[in-house]
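Report on the following structure.
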Amino acid sequence: MASETDFLLAVEGLTVSFDGFKAVNDLSFYVDQNEIHVIIGPNGAGKTTVLDLICGRTKATGGSIRFRNQELTAMKEHQIVKAGVGRKFQTPSIYDDLTVFENLEISYPRGRTVFGALAFKRDAAVRDRVEEIAETIFLSDHLEQRAEYLSHGQKQWLEIGMLLIQDPELLMLDEPVAGMSVNERKKTAELLNKIIRNRSVLVIEHDMKFVEDIAHRVTVLHQGKILSEGSMERVKADPKVVEVYLGH
Amino acid sequence: MKISVRNSAPRRATGELMGVALLALLILIVLPLGLDGFRLNMVGKYLTYAFVALGLVLCWGSAGILSLGQGIFFGLGGYCMAMFLKLEASSPEATKIQSTPGIPDFMDWNQLTELPWFWEPFHSLPFTLLAVVAVPSLLAFIVGLAMFKRRVGGVYFAIITQAFAAILTILIVGQQGYTGGINGITDLRTLNGWDIRTDGAKQVLYFVNAALLIGAVLLCLFVRHSKLGRILVALRDKEDRVRFSGYDVANFKIFVFCFAAALSAVGGAMFTLQVGFMSPSFVGIVPSIEMVIYCAVGGRLSLLGAVYGTLLVNWAKTLLSESFPELWLFAMGALFIGVVMVFPNGLAGLYQQYVAPRLARLFPRAVPRVGEVIPPPTAAE
């Protein structure tokens with residue numbers, strides 16, 4: 001089938017159809033090592049579906065997704081996570097009933113089997129790592145607080161922290177700054193710039209200012225297909241993109 | 001602002017252990033001293049249901065998996081025990097008036113002339129004790145595997161467990177020659193030669209049961225305080241997040257379902273020993289739902305609450321049925337509505353809300369806590 005590539009993530013000919021409707025249609029794109037790749041596009045363009053396909057939440061109808069030349073379409077969700085792909089959901093997806101510490105601890109990549117979880121000990125390595133991550137995501141003072149009581153922005157950071165603690169090679173973020181205040185947005189950009197070292201990030205975002213700040217490469221999706229791809233300047237100058245997306 | 005992570009967990013554990021000690025004091029010392037043999041045996045019977053309620057706290061309260069078929073496992077555990085006792089009571093000498101001596105009486109009445117193959121291993125006590133836990137766990141494993149791997153959950157799972165409870169009841173009633181039918185397995189006499197019908201034996205069995213229950217509470221506490229316990233709460237809340245954090249969610253659900261089944265089965269076996277028979281009336285839909293109500297009244301998020309809830313509901317049931325038998329079902333219905341509408345976290349929730357703060361003011365240093373109440377996102381599922 002597909003040949004060996006140097007790309008971290010190679011999506012080729014990816015298609016998914018829901019009852020005949022092709023939400024993603026023959027899509028191909030690549031994510032390099034240490035690249036921040038942003039996907040933009042109007043509502044319903046299939047952006048979130050692409051992330052769903054990569055992380056195994058939705059099964060592809062056709063095409064291939066290879067991560068370090070491993071085929072992801074044949075793997076289960078938890079295997080994809082273990083392979084090194086982390087995914088943040090659009091709405092903050094955290095465990096409301098647990099504390100911030102426990103939220104991060106569950107994401108710590110050890111004791112992921114039933115009996116591993118029974119035997120899991122909260123040792124110094126776990127505590128240090130949780131505290132380290134909590135500092136990165138500005139939540140050091142909230143470790144014992146129930147996650148339910150965090151602000152919207154803090155919840156988003158917590159979920160990013162839950163991914164960071166797994167140290168994924170590819171981090172997928174679905175609208176990380178949606179619904180954030182200006183101040184929180186600035187801090188999030190700072191956070192993202194800090195965490196992108198030694199990993200690739202695939203981001204879906206609507207906030208153009210934010211995209212300009214962080215993107216190395218931009219893919220514009222429209223009706224499940226690629227409309228344009230390249231640097232932010234190139235994409236912005238593309239008349240097709242202006243017409244369907246940026247124009248309004 | 002920053003609270004040390006290292007200190008709060010042990011303190012919480014101490015509080016819970018004090019709660020367990022209080023329960024042990026109540027069921028191992030206070031009740032045996034205060035009640036006559038007949039009433040004590042009744043409490044012993046109630047306490048066997050508490051095993052089911054404990055399992056439901058983990059399965060339903062923690063993990064959000066509502067099973068309306070726990071009677072299946074209670075019944076299977078009880079039946080395994082009853083088969084052994086029945087075989088012992090059916091020695092060739094004791095049954096020599098039958099046309100086929102040496103087989104249980106109901107088989108003889110149903111024109112069976114030899115012991116069915118699946119009864120044979122129940123001549124052995126070690127096998128029986130193993131089977132009490134293994135048979136229900138295995139069934140729970142198969143049902144769990146079939147359901148959770150296909151991501152069947154919520155209401156659909158509850159309905160399917162209910163269907164299983166109905167199927168098992170019909171099977172037991174229909175296969176009278178093999179199971180004793182609607183009457184169940186009755187006239188049980190001795191356990192390895194020890195007469196379980198005497199008052200002395202009933203007392204011993206009460207204490208064995210109570211001690212096992214305390215052990216079960218401690219085991220459940222261990223599971224809850226392990227990371228697995230927190231994962232169960234996490235998957236009740238955001239199943240996808242757990243899945244995309246690298247866990248095979250189905251395995252955790254299967255585990256907790258099997259664990260609850262095994263606990264229920266131990267309760268069922270102790271029921272058979274103390275009450276002296278087992279019948280399909282403890283297997284079907286109605287008893288299964290009653291067991292859920294015990295857990296709900298006590299507080300489905302609290303292990304100790306579930307035990308107290310079981311005791312209280314059964315005690316009320318006995319009192320009401322003795323004086324106004326026809327009222328009990330209405331009372332039960334009212335209780336269920338009350339729990340759902342007024343106090344969704346049951347007695348333990350009321351304790352946490354009203355009693356614990358006052359106790360904390362009176363005794364600032366140590367307060368026994370009736371488990372930890374974590375309000376789930378929705379009141380009723």
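Within each chain, counting starts at residue 1; across the structure tokens, chains are named A, B, ... in the order shown, with ligands numbered 1 upward in that order.
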For this session: Can you pull out every residue within 12 Å of A:Trp157, counting only C-alpha atoms, but drop anything in the same chain fewer than 3 positions away, and send it as JSON, numbers by chain?
Result: {"A": [88, 89, 91, 92, 93, 94, 100, 103, 104, 133, 134, 135, 136, 137, 138, 139, 140, 147, 150, 151, 152, 153, 154, 160, 161, 162, 163, 164, 173, 176, 177, 180, 184, 185, 187, 188, 189, 190, 191, 192, 195]}
For this session: Kindly determine which residues of chain A lie within 8 Å of chain B, considering only C-alpha atoms, and give the answer as a PyMOL selection string.
Result: chain A and resi 55+77-82+86-87+93-98+102+106-107+109+112-114+117-120+140-144+163
Restricting the output to N, CA and C atoms, write the selected residues as a short mmCIF file (atom, residue, chain, number, x, y, z; two decimals), in the first residue's frame.
data_model
loop_
_atom_site.label_atom_id
_atom_site.label_comp_id
_atom_site.auth_asym_id
_atom_site.auth_seq_id
_atom_site.Cartn_x
_atom_site.Cartn_y
_atom_site.Cartn_z
N CYS A 55 -7.55 9.53 15.92
CA CYS A 55 -7.45 8.92 17.26
C CYS A 55 -8.30 7.67 17.39
N GLU A 77 -8.51 2.48 20.16
CA GLU A 77 -8.23 3.81 20.71
C GLU A 77 -7.08 3.81 21.71
N HIS A 78 -7.13 2.87 22.67
CA HIS A 78 -6.10 2.93 23.71
C HIS A 78 -4.73 2.54 23.17
N GLN A 79 -4.73 1.75 22.08
CA GLN A 79 -3.44 1.40 21.47
C GLN A 79 -2.84 2.60 20.75
N ILE A 80 -3.73 3.39 20.15
CA ILE A 80 -3.26 4.60 19.46
C ILE A 80 -2.65 5.56 20.47
N VAL A 81 -3.29 5.66 21.65
CA VAL A 81 -2.73 6.52 22.70
C VAL A 81 -1.35 6.02 23.10
N LYS A 82 -1.24 4.69 23.28
CA LYS A 82 0.05 4.13 23.69
C LYS A 82 1.11 4.32 22.61
N GLY A 86 -1.94 11.88 21.38
CA GLY A 86 -2.84 12.37 22.43
C GLY A 86 -3.85 13.31 21.81
N ARG A 87 -5.07 13.31 22.35
CA ARG A 87 -6.10 14.13 21.74
C ARG A 87 -6.89 14.89 22.79
N SER A 93 -12.79 18.15 28.54
CA SER A 93 -13.20 16.80 28.90
C SER A 93 -12.31 16.36 30.04
N ILE A 94 -12.79 16.64 31.25
CA ILE A 94 -12.03 16.30 32.45
C ILE A 94 -12.97 15.60 33.41
N TYR A 95 -12.41 15.05 34.48
CA TYR A 95 -13.25 14.31 35.43
C TYR A 95 -13.68 15.26 36.55
N ASP A 96 -14.92 15.75 36.46
CA ASP A 96 -15.43 16.75 37.40
C ASP A 96 -15.34 16.31 38.85
N ASP A 97 -15.58 15.02 39.11
CA ASP A 97 -15.69 14.54 40.49
C ASP A 97 -14.35 14.26 41.14
N LEU A 98 -13.29 14.36 40.38
CA LEU A 98 -11.97 14.08 40.95
C LEU A 98 -11.20 15.39 41.10
N GLU A 102 -5.83 14.12 40.97
CA GLU A 102 -6.29 12.79 40.53
C GLU A 102 -6.53 12.76 39.01
N ILE A 106 -4.48 10.00 36.81
CA ILE A 106 -5.09 8.97 35.96
C ILE A 106 -4.45 8.97 34.58
N SER A 107 -4.03 10.16 34.14
CA SER A 107 -3.43 10.24 32.82
C SER A 107 -1.97 9.83 32.81
N PRO A 109 1.10 7.78 32.51
CA PRO A 109 1.12 6.52 31.74
C PRO A 109 1.75 5.35 32.47
N ARG A 112 -2.01 0.89 33.41
CA ARG A 112 -3.20 1.12 32.59
C ARG A 112 -4.05 -0.12 32.41
N THR A 113 -3.59 -1.26 32.96
CA THR A 113 -4.45 -2.45 32.92
C THR A 113 -5.24 -2.52 34.22
N VAL A 114 -6.22 -3.40 34.28
CA VAL A 114 -7.07 -3.50 35.46
C VAL A 114 -6.22 -3.78 36.70
N ALA A 117 -3.79 -1.04 37.62
CA ALA A 117 -4.44 0.08 38.30
C ALA A 117 -4.71 -0.26 39.75
N LEU A 118 -5.00 -1.53 40.04
CA LEU A 118 -5.23 -1.94 41.43
C LEU A 118 -3.94 -1.84 42.24
N ALA A 119 -2.82 -2.17 41.58
CA ALA A 119 -1.55 -2.21 42.29
C ALA A 119 -0.82 -0.87 42.25
N PHE A 120 -1.37 0.09 41.53
CA PHE A 120 -0.71 1.38 41.32
C PHE A 120 -0.43 2.09 42.64
N SER A 140 -0.78 24.82 39.91
CA SER A 140 -0.09 24.33 41.11
C SER A 140 -0.90 24.55 42.38
N ASP A 141 -1.62 25.66 42.43
CA ASP A 141 -2.35 25.99 43.66
C ASP A 141 -3.72 25.32 43.72
N HIS A 142 -4.04 24.53 42.72
CA HIS A 142 -5.39 23.96 42.67
C HIS A 142 -5.38 22.44 42.72
N LEU A 143 -4.24 21.84 43.07
CA LEU A 143 -4.12 20.38 42.97
C LEU A 143 -5.19 19.62 43.74
N GLU A 144 -5.56 20.13 44.91
CA GLU A 144 -6.52 19.41 45.75
C GLU A 144 -7.96 19.83 45.49
N LEU A 163 -2.84 15.52 28.84
CA LEU A 163 -2.18 14.96 27.66
C LEU A 163 -0.66 15.06 27.81
#
For this session: Name all residues at most 8 Å from A:Val203 (count only C-alpha atoms; drop same-chain ones fewer than 4 positions away) and give them as JSON, numbers by chain.
Result: {"A": [36, 37, 38, 39, 172, 173, 174, 175, 176]}
For those residues, write C-alpha atoms to a file as a compact mmCIF listing (two decimals), in the first residue's frame.
# COMPACT_ATOMS: atom_id res chain seq x y z
CA ILE A 36 2.65 22.91 14.48
CA HIS A 37 0.09 22.12 11.87
CA VAL A 38 -3.20 24.00 12.03
CA ILE A 39 -6.40 22.92 10.32
CA MET A 172 -4.04 16.97 18.74
CA LEU A 173 -5.97 19.97 20.03
CA ASP A 174 -9.52 20.79 19.04
CA GLU A 175 -10.14 24.53 19.44
CA PRO A 176 -7.97 25.02 22.49
Exercise. Which residues come within 12 Å of A:Glu35, counting only C-alpha atoms, excluding same-chain residues fewer than 4 positions away, as a list in words?
Worked result: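 The filter keeps Phe7, Leu8, Leu9, Tyr30, Val31, Glu169, Leu170, Leu171, Met172, Asn193, Ile195, Ile196, Arg197, Asn198, Arg199, Ser200, Val201, Leu202, Val203, Ile214, Ala215, His216, Arg217, Val218 and Ser231 of chain A.
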Exercise. What lies within 7 Å of B:Thr310 using only C-alpha atoms, ignoring chain neighbours under 3 positions off, as a PyMOL selection string?
Worked result: chain B and resi 46+49-50+294-295+298+306-307+313-314
Based on the selection just made, write C-alpha atoms of those residues as a JSON list (two decimals), in the first residue's frame.
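This went into result_0.json:
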[["chain", "number", "residue", "atom", "x", "y", "z"],
["B", 46, "TYR", "CA", -30.58, -8.92, 55.87],
["B", 49, "TYR", "CA", -28.28, -8.64, 50.98],
["B", 50, "ALA", "CA", -25.73, -6.07, 52.10],
["B", 294, "TYR", "CA", -31.40, -1.03, 49.45],
["B", 295, "CYS", "CA", -28.32, 0.48, 47.90],
["B", 298, "GLY", "CA", -28.37, 3.83, 51.96],
["B", 306, "ALA", "CA", -25.41, 0.79, 51.60],
["B", 307, "VAL", "CA", -25.03, -1.64, 54.52],
["B", 313, "VAL", "CA", -35.16, -1.17, 54.55],
["B", 314, "ASN", "CA", -35.36, -4.84, 55.48]]
Exercise. Just how far from atom CA of B:Asn192 is atom CA of B:Glu88, in Å to one decimal?
Worked result: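 Atom CA of B:Glu88 sits 7.6 Å away from atom CA of B:Asn192.
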Exercise. So which residues touch A:Phe29 within 9 Å, counting only C-alpha atoms, skipping near sequence neighbours fewer than 2 positions away, as a PyMOL selection string?
Worked result: chain A and resi 9-13+27+31+219+226+229
Rows by chain and residue number, stretch 92-202 of chain B within 12 Å of stretch 270-289 of chain B, shortest pair, only C-alpha atoms, as a Markdown table:
| residue | atom | partner | partner_atom | distance |
| --- | --- | --- | --- | --- |
| B:Leu129 | CA | B:Met270 | CA | 11.0 |
| B:Val132 | CA | B:Met270 | CA | 10.1 |
| B:Val133 | CA | B:Met270 | CA | 11.9 |
| B:Ala158 | CA | B:Ile289 | CA | 10.5 |
| B:Ile159 | CA | B:Ile285 | CA | 10.3 |
| B:Ile160 | CA | B:Ile285 | CA | 11.2 |
| B:Thr161 | CA | B:Ile285 | CA | 9.1 |
| B:Gln162 | CA | B:Ile285 | CA | 6.0 |
| B:Ala163 | CA | B:Ile285 | CA | 8.1 |
| B:Phe164 | CA | B:Gly284 | CA | 8.6 |
| B:Ala165 | CA | B:Gly284 | CA | 4.9 |
| B:Ala166 | CA | B:Gly284 | CA | 5.5 |
| B:Ile167 | CA | B:Gly284 | CA | 8.4 |
| B:Leu168 | CA | B:Gly284 | CA | 7.4 |
| B:Thr169 | CA | B:Gly284 | CA | 5.5 |
| B:Ile170 | CA | B:Pro280 | CA | 8.6 |
| B:Leu171 | CA | B:Pro280 | CA | 9.4 |
| B:Ile172 | CA | B:Pro280 | CA | 6.6 |
| B:Val173 | CA | B:Pro280 | CA | 7.0 |
| B:Gly174 | CA | B:Pro280 | CA | 10.6 |
| B:Gln175 | CA | B:Pro280 | CA | 11.5 |
| B:Gln176 | CA | B:Pro280 | CA | 11.1 |
| B:Thr179 | CA | B:Ser279 | CA | 9.1 |
| B:Gly180 | CA | B:Ser279 | CA | 8.1 |
| B:Gly181 | CA | B:Pro280 | CA | 7.7 |
| B:Ile182 | CA | B:Pro280 | CA | 6.2 |
| B:Asn183 | CA | B:Ser279 | CA | 5.9 |
| B:Gly184 | CA | B:Ser279 | CA | 3.7 |
| B:Ile185 | CA | B:Met278 | CA | 5.4 |
| B:Thr186 | CA | B:Phe277 | CA | 4.7 |
| B:Asp187 | CA | B:Phe277 | CA | 6.7 |
| B:Leu188 | CA | B:Gly276 | CA | 5.6 |
| B:Arg189 | CA | B:Gly276 | CA | 7.5 |
| B:Thr190 | CA | B:Leu273 | CA | 9.3 |
| B:Leu191 | CA | B:Leu273 | CA | 8.5 |
| B:Trp194 | CA | B:Leu273 | CA | 11.4 |
| B:Asp195 | CA | B:Leu273 | CA | 10.5 |
| B:Ile196 | CA | B:Leu273 | CA | 7.1 |
| B:Arg197 | CA | B:Gly276 | CA | 7.4 |
| B:Thr198 | CA | B:Gln274 | CA | 10.3 |
| B:Asp199 | CA | B:Gln274 | CA | 10.4 |
| B:Gly200 | CA | B:Gln274 | CA | 11.5 |
| B:Ala201 | CA | B:Gln274 | CA | 8.7 |
| B:Lys202 | CA | B:Gln274 | CA | 6.2 |
